$ cat work14.cif   # mmCIF, C-alpha atoms; chains and numbers go by the auth columns
data_run
loop_
_atom_site.group_PDB
_atom_site.id
_atom_site.type_symbol
_atom_site.label_atom_id
_atom_site.label_comp_id
_atom_site.label_asym_id
_atom_site.label_seq_id
_atom_site.Cartn_x
_atom_site.Cartn_y
_atom_site.Cartn_z
_atom_site.B_iso_or_equiv
_atom_site.auth_seq_id
_atom_site.auth_asym_id
ATOM 1 C CA MET A 1 4.716 258.615 59.526 0.00 1 A
ATOM 2 C CA THR A 2 3.211 259.028 62.981 0.00 2 A
ATOM 3 C CA GLY A 3 3.638 255.552 64.418 0.00 3 A
ATOM 4 C CA LYS A 4 5.273 252.230 63.872 0.00 4 A
ATOM 5 C CA THR A 5 4.050 249.908 61.177 0.00 5 A
ATOM 6 C CA GLU A 6 3.278 246.408 62.412 0.00 6 A
ATOM 7 C CA ILE A 7 4.131 243.495 60.187 0.00 7 A
ATOM 8 C CA TRP A 8 3.032 240.045 61.284 0.00 8 A
ATOM 9 C CA HIS A 9 4.978 237.023 60.176 0.00 9 A
ATOM 10 C CA LEU A 10 3.293 233.620 60.430 0.00 10 A
ATOM 11 C CA SER A 11 5.394 230.509 60.863 0.00 11 A
ATOM 12 C CA ASP A 12 5.055 226.846 61.806 0.00 12 A
ATOM 13 C CA TYR A 13 6.954 225.295 64.697 0.00 13 A
ATOM 14 C CA GLU A 14 6.976 221.956 62.928 0.00 14 A
ATOM 15 C CA SER A 15 8.911 219.843 65.410 0.00 15 A
ATOM 16 C CA GLY A 16 11.778 219.760 67.851 0.00 16 A
ATOM 17 C CA GLU A 17 14.036 218.328 65.145 0.00 17 A
ATOM 18 C CA PRO A 18 17.176 220.467 64.738 0.00 18 A
ATOM 19 C CA VAL A 19 16.348 221.490 61.163 0.00 19 A
ATOM 20 C CA HIS A 20 12.887 222.742 62.162 0.00 20 A
ATOM 21 C CA VAL A 21 14.115 224.490 65.293 0.00 21 A
ATOM 22 C CA ARG A 22 16.801 226.218 63.212 0.00 22 A
ATOM 23 C CA GLN A 23 14.260 227.359 60.603 0.00 23 A
ATOM 24 C CA PHE A 24 11.945 228.648 63.331 0.00 24 A
ATOM 25 C CA THR A 25 14.645 230.562 65.205 0.00 25 A
ATOM 26 C CA GLU A 26 16.154 231.925 61.984 0.00 26 A
ATOM 27 C CA THR A 27 12.755 233.428 61.184 0.00 27 A
ATOM 28 C CA MET A 28 12.804 235.272 64.502 0.00 28 A
ATOM 29 C CA ASP A 29 16.468 236.252 63.979 0.00 29 A
ATOM 30 C CA ASN A 30 15.567 237.798 60.621 0.00 30 A
ATOM 31 C CA MET A 31 12.565 239.658 62.033 0.00 31 A
ATOM 32 C CA LYS A 32 14.647 241.102 64.876 0.00 32 A
ATOM 33 C CA ALA A 33 17.422 242.137 62.475 0.00 33 A
ATOM 34 C CA ALA A 34 14.912 243.795 60.128 0.00 34 A
ATOM 35 C CA MET A 35 13.514 245.881 62.989 0.00 35 A
ATOM 36 C CA GLY A 36 16.982 247.306 63.558 0.00 36 A
ATOM 37 C CA ILE A 37 17.123 248.460 59.948 0.00 37 A
ATOM 38 C CA GLY A 38 13.710 250.088 59.748 0.00 38 A
ATOM 39 C CA LYS A 39 13.060 251.579 63.146 0.00 39 A
ATOM 40 C CA GLN A 40 9.491 252.481 62.182 0.00 40 A
ATOM 41 C CA ILE A 41 8.616 248.820 61.676 0.00 41 A
ATOM 42 C CA THR A 42 7.680 246.352 64.389 0.00 42 A
ATOM 43 C CA TYR A 43 7.604 242.672 63.497 0.00 43 A
ATOM 44 C CA LYS A 44 5.054 240.596 65.368 0.00 44 A
ATOM 45 C CA PHE A 45 5.158 236.828 65.389 0.00 45 A
ATOM 46 C CA GLY A 46 2.269 234.471 64.817 0.00 46 A
ATOM 47 C CA TYR A 47 2.987 230.783 64.895 0.00 47 A
ATOM 48 C CA SER A 48 1.230 227.466 64.784 0.00 48 A
ATOM 49 C CA ASN A 49 2.579 224.423 66.545 0.00 49 A
ATOM 50 C CA LEU A 50 2.744 221.813 64.984 0.00 50 A
ATOM 51 C CA THR A 51 1.433 223.036 61.660 0.00 51 A
ATOM 52 C CA PHE A 52 -0.747 225.685 60.019 0.00 52 A
ATOM 53 C CA ASP A 53 -3.327 222.958 59.478 0.00 53 A
ATOM 54 C CA LEU A 54 -4.188 223.198 63.176 0.00 54 A
ATOM 55 C CA TRP A 55 -5.505 226.710 62.492 0.00 55 A
ATOM 56 C CA ILE A 56 -7.543 225.465 59.521 0.00 56 A
ATOM 57 C CA ILE A 57 -9.088 222.668 61.614 0.00 57 A
ATOM 58 C CA LEU A 58 -10.012 225.047 64.450 0.00 58 A
ATOM 59 C CA HIS A 59 -12.416 226.871 62.128 0.00 59 A
ATOM 60 C CA LYS A 60 -14.712 223.849 62.243 0.00 60 A
ATOM 61 C CA ILE A 61 -13.897 221.660 65.258 0.00 61 A
ATOM 62 C CA ASP A 62 -11.885 221.456 68.473 0.00 62 A
ATOM 63 C CA CYS A 63 -8.397 220.052 68.070 0.00 63 A
ATOM 64 C CA ASN A 64 -6.764 220.114 71.477 0.00 64 A
ATOM 65 C CA GLY A 65 -4.735 216.919 71.239 0.00 65 A
ATOM 66 C CA SER A 66 -1.042 216.682 70.581 0.00 66 A
ATOM 67 C CA TYR A 67 0.029 215.031 67.345 0.00 67 A
ATOM 68 C CA ALA A 68 3.419 213.418 66.863 0.00 68 A
ATOM 69 C CA HIS A 69 3.688 214.279 63.169 0.00 69 A
ATOM 70 C CA ARG A 70 2.143 216.681 60.651 0.00 70 A
ATOM 71 C CA ARG A 71 0.581 213.779 58.741 0.00 71 A
ATOM 72 C CA ASN A 72 -1.635 213.025 61.767 0.00 72 A
ATOM 73 C CA TYR A 73 -3.720 216.130 61.053 0.00 73 A
ATOM 74 C CA ILE A 74 -5.404 214.430 58.092 0.00 74 A
ATOM 75 C CA GLU A 75 -8.052 212.695 60.229 0.00 75 A
ATOM 76 C CA PRO A 76 -9.298 215.857 61.981 0.00 76 A
ATOM 77 C CA LEU A 77 -9.126 217.755 58.663 0.00 77 A
ATOM 78 C CA ASN A 78 -11.296 215.132 56.998 0.00 78 A
ATOM 79 C CA ARG A 79 -13.735 215.186 59.919 0.00 79 A
ATOM 80 C CA ALA A 80 -13.872 218.980 60.027 0.00 80 A
ATOM 81 C CA TYR A 81 -14.507 219.454 56.320 0.00 81 A
ATOM 82 C CA GLY A 82 -16.429 216.296 55.449 0.00 82 A
ATOM 83 C CA GLU A 83 -13.640 215.071 53.209 0.00 83 A
ATOM 84 C CA ASN A 84 -11.840 211.788 52.692 0.00 84 A
ATOM 85 C CA PHE A 85 -8.304 212.826 51.762 0.00 85 A
ATOM 86 C CA GLU A 86 -5.870 209.923 51.908 0.00 86 A
ATOM 87 C CA ASN A 87 -2.934 212.064 53.012 0.00 87 A
ATOM 88 C CA MET A 88 -1.766 215.634 53.538 0.00 88 A
ATOM 89 C CA ASP A 89 -0.371 215.903 50.014 0.00 89 A
ATOM 90 C CA GLU A 90 -3.813 215.220 48.571 0.00 90 A
ATOM 91 C CA TYR A 91 -5.398 217.775 50.920 0.00 91 A
ATOM 92 C CA LYS A 92 -2.791 220.383 49.970 0.00 92 A
ATOM 93 C CA HIS A 93 -3.487 220.186 46.245 0.00 93 A
ATOM 94 C CA GLU A 94 -4.692 223.669 45.393 0.00 94 A
ATOM 95 C CA ALA A 95 -8.205 222.666 44.294 0.00 95 A
ATOM 96 C CA ASN A 96 -8.766 220.547 47.409 0.00 96 A
ATOM 97 C CA PHE A 97 -7.468 223.212 49.779 0.00 97 A
ATOM 98 C CA LYS A 98 -9.620 225.869 48.106 0.00 98 A
ATOM 99 C CA ARG A 99 -12.671 223.599 48.353 0.00 99 A
ATOM 100 C CA CYS A 100 -12.165 223.475 52.123 0.00 100 A
ATOM 101 C CA LEU A 101 -11.625 227.227 52.356 0.00 101 A
ATOM 102 C CA LYS A 102 -14.866 227.878 50.477 0.00 102 A
ATOM 103 C CA GLN A 103 -16.740 226.278 53.372 0.00 103 A
ATOM 104 C CA LEU A 104 -15.583 228.947 55.807 0.00 104 A
ATOM 105 C CA THR A 105 -17.678 231.829 57.071 0.00 105 A
ATOM 106 C CA LEU A 106 -16.904 234.773 59.307 0.00 106 A
ATOM 107 C CA ASP A 107 -18.524 232.851 62.168 0.00 107 A
ATOM 108 C CA ASN A 108 -16.049 230.003 61.532 0.00 108 A
ATOM 109 C CA VAL A 109 -13.191 232.503 61.894 0.00 109 A
ATOM 110 C CA ARG A 110 -14.642 233.658 65.209 0.00 110 A
ATOM 111 C CA ASP A 111 -14.910 230.006 66.278 0.00 111 A
ATOM 112 C CA ALA A 112 -11.266 229.380 65.339 0.00 112 A
ATOM 113 C CA ILE A 113 -10.150 232.353 67.416 0.00 113 A
ATOM 114 C CA ALA A 114 -12.174 231.139 70.399 0.00 114 A
ATOM 115 C CA ARG A 115 -10.831 227.582 70.063 0.00 115 A
ATOM 116 C CA ALA A 116 -7.263 228.855 69.777 0.00 116 A
ATOM 117 C CA ASN A 117 -7.770 230.980 72.898 0.00 117 A
ATOM 118 C CA VAL A 118 -8.935 227.847 74.753 0.00 118 A
ATOM 119 C CA ILE A 119 -5.811 225.967 73.674 0.00 119 A
ATOM 120 C CA MET A 120 -3.539 228.767 74.831 0.00 120 A
ATOM 121 C CA ALA A 121 -5.378 229.169 78.151 0.00 121 A
ATOM 122 C CA GLY A 122 -5.042 225.418 78.664 0.00 122 A
ATOM 123 C CA ASN A 123 -1.307 225.608 78.036 0.00 123 A
ATOM 124 C CA GLN A 124 -1.016 228.296 80.695 0.00 124 A
ATOM 125 C CA GLU A 125 -3.218 226.352 83.142 0.00 125 A
ATOM 126 C CA ASN A 126 -1.111 223.226 82.580 0.00 126 A
ATOM 127 C CA GLY A 127 1.973 225.185 83.621 0.00 127 A
ATOM 128 C CA TYR A 128 3.694 225.073 80.257 0.00 128 A
ATOM 129 C CA ARG A 129 6.498 227.579 80.004 0.00 129 A
ATOM 130 C CA LEU A 130 6.513 230.230 77.316 0.00 130 A
ATOM 131 C CA VAL A 131 9.867 230.228 75.582 0.00 131 A
ATOM 132 C CA GLU A 132 11.215 233.707 74.893 0.00 132 A
ATOM 133 C CA TYR A 133 13.609 234.196 72.043 0.00 133 A
ATOM 134 C CA LYS A 134 14.730 237.644 70.915 0.00 134 A
ATOM 135 C CA GLY A 135 11.591 239.178 72.375 0.00 135 A
ATOM 136 C CA TYR A 136 9.197 236.684 70.763 0.00 136 A
ATOM 137 C CA LYS A 137 7.300 234.196 72.907 0.00 137 A
ATOM 138 C CA TYR A 138 5.980 230.774 72.017 0.00 138 A
ATOM 139 C CA TYR A 139 5.163 227.379 73.496 0.00 139 A
ATOM 140 C CA ARG A 140 7.145 224.365 72.384 0.00 140 A
ATOM 141 C CA GLU A 141 4.235 222.188 73.450 0.00 141 A
ATOM 142 C CA ASN A 142 1.825 220.954 70.829 0.00 142 A
ATOM 143 C CA PRO A 143 -0.785 222.253 70.244 0.00 143 A
ATOM 144 C CA ALA A 144 -0.096 225.958 70.558 0.00 144 A
ATOM 145 C CA LEU A 145 -0.579 228.905 68.242 0.00 145 A
ATOM 146 C CA ALA A 146 -0.696 232.669 68.009 0.00 146 A
ATOM 147 C CA ILE A 147 -2.246 233.100 64.564 0.00 147 A
ATOM 148 C CA ASN A 148 -5.489 233.879 66.344 0.00 148 A
ATOM 149 C CA GLU A 149 -3.957 237.049 67.812 0.00 149 A
ATOM 150 C CA ILE A 150 -3.385 238.718 64.462 0.00 150 A
ATOM 151 C CA ILE A 151 -6.703 237.589 63.029 0.00 151 A
ATOM 152 C CA GLU A 152 -8.495 238.932 66.106 0.00 152 A
ATOM 153 C CA ARG A 153 -6.584 242.207 65.715 0.00 153 A
ATOM 154 C CA ILE A 154 -7.515 242.473 62.031 0.00 154 A
ATOM 155 C CA MET A 155 -11.172 241.860 62.809 0.00 155 A
ATOM 156 C CA SER A 156 -11.103 244.489 65.542 0.00 156 A
ATOM 157 C CA ASP A 157 -9.393 247.010 63.256 0.00 157 A
ATOM 158 C CA CYS A 158 -12.115 246.359 60.677 0.00 158 A
ATOM 159 C CA GLY A 159 -14.850 246.953 63.249 0.00 159 A
ATOM 160 C CA LEU A 160 -16.014 243.333 63.193 0.00 160 A
ATOM 161 C CA LYS A 161 -17.471 242.039 66.437 0.00 161 A
ATOM 162 C CA MET A 162 -15.959 239.059 68.112 0.00 162 A
#
$ encode --input "work14.cif" --output "structure tokens"
Amino acid sequence: MTGKTEIWHLSDYESGEPVHVRQFTETMDNMKAAMGIGKQITYKFGYSNLTFDLWIILHKIDCNGSYAHRRNYIEPLNRAYGENFENMDEYKHEANFKRCLKQLTLDNVRDAIARANVIMAGNQENGYRLVEYKGYKYYRENPALAINEIIERIMSDCGLKM
């Protein structure tokens, strides 16, 4: 083995509630501990704040506003995908989720990366502070995400133009 293997772990920063903060930090604790075991492995962290659904929405439309709860993503999801789901549970039924995914193209992925980059640049411009925990950085503010970083890296490694 000539170099370190990178493993990306994706996680939601669902809220500032103690249970969600604990789950989020435990994920980073486990990644850091695993790196100590296998020194040829580097764990990278991709997150979405408030929910993974932000990333799904960004494939189709801008979504720069802060939402107080995960259920509030249903309106932009419906708008983005031309759907009329009554709630997040209905959207997350496998057939419904797959129907939305089937609408996506490589250009939509590029659009999601660009929209995510705008969100993160806006967070920096607004003076939000990156939280650092065990070497991993993230914004507590909503919206924020780093899923775009790994997807951009994968596309680059595959020779796909951004």
$ resolve_selection --input "work14.cif" --expression "the PyMOL selection byres ((chain A and resi 143-151) around 9)" --output "PyMOL selection string"
chain A and resi 8+10-12+44-52+54-55+63-67+109+112-114+116-117+119-120+123+138-142+152-156
$ resolve_selection --input "work14.cif" --expression "the PyMOL selection byres ((chain A and resi 60) around 7)" --output "CSV table (one decimal) with C-alpha atoms, in the coordinates of the input"
chain,number,residue,atom,x,y,z
A,57,ILE,CA,-9.1,222.7,61.6
A,58,LEU,CA,-10.0,225.0,64.4
A,59,HIS,CA,-12.4,226.9,62.1
A,61,ILE,CA,-13.9,221.7,65.3
A,80,ALA,CA,-13.9,219.0,60.0
A,108,ASN,CA,-16.0,230.0,61.5
$ closest_residue --input "work14.cif" --among "A:Tyr91, A:Phe24, A:Tyr73, A:Phe85" --to "Tyr136 (chain A)" --atoms "all atoms listed in the file"
A:Phe24
$ closest_residue --input "work14.cif" --among "A:Ala68, A:Ile56, A:Met162, A:Val131" --to "Asp107 (chain A)" --atoms "all atoms listed in the file"
A:Met162
$ atom_distance --input "work14.cif" --atom1 "CA of Lys161 (chain A)" --atom2 "CA of Ile7 (chain A)"
22.5 Å
$ closest_residue --input "work14.cif" --among "A:Tyr128, A:Met28, A:Asp53, A:Val118" --to "Lys92 (chain A)" --atoms "only C-alpha atoms"
A:Asp53
$ atom_distance --input "work14.cif" --atom1 "CA of Leu77 (chain A)" --atom2 "CA of Asp62 (chain A)"
10.8 Å
$ residues_around --input "work14.cif" --residues "Met35 (chain A)" --least-positions-apart "3" --cutoff "12 Å" --atoms "only C-alpha atoms" --output "list in words"
Lys4, Thr5, Glu6, Ile7, Met28, Asp29, Asn30, Met31, Lys32, Gly38, Lys39, Gln40, Ile41, Thr42, Tyr43, Lys44, Lys134 and Gly135 of chain A
$ atom_distance --input "work14.cif" --atom1 "CA of His20 (chain A)" --atom2 "CA of Arg70 (chain A)"
12.4 Å
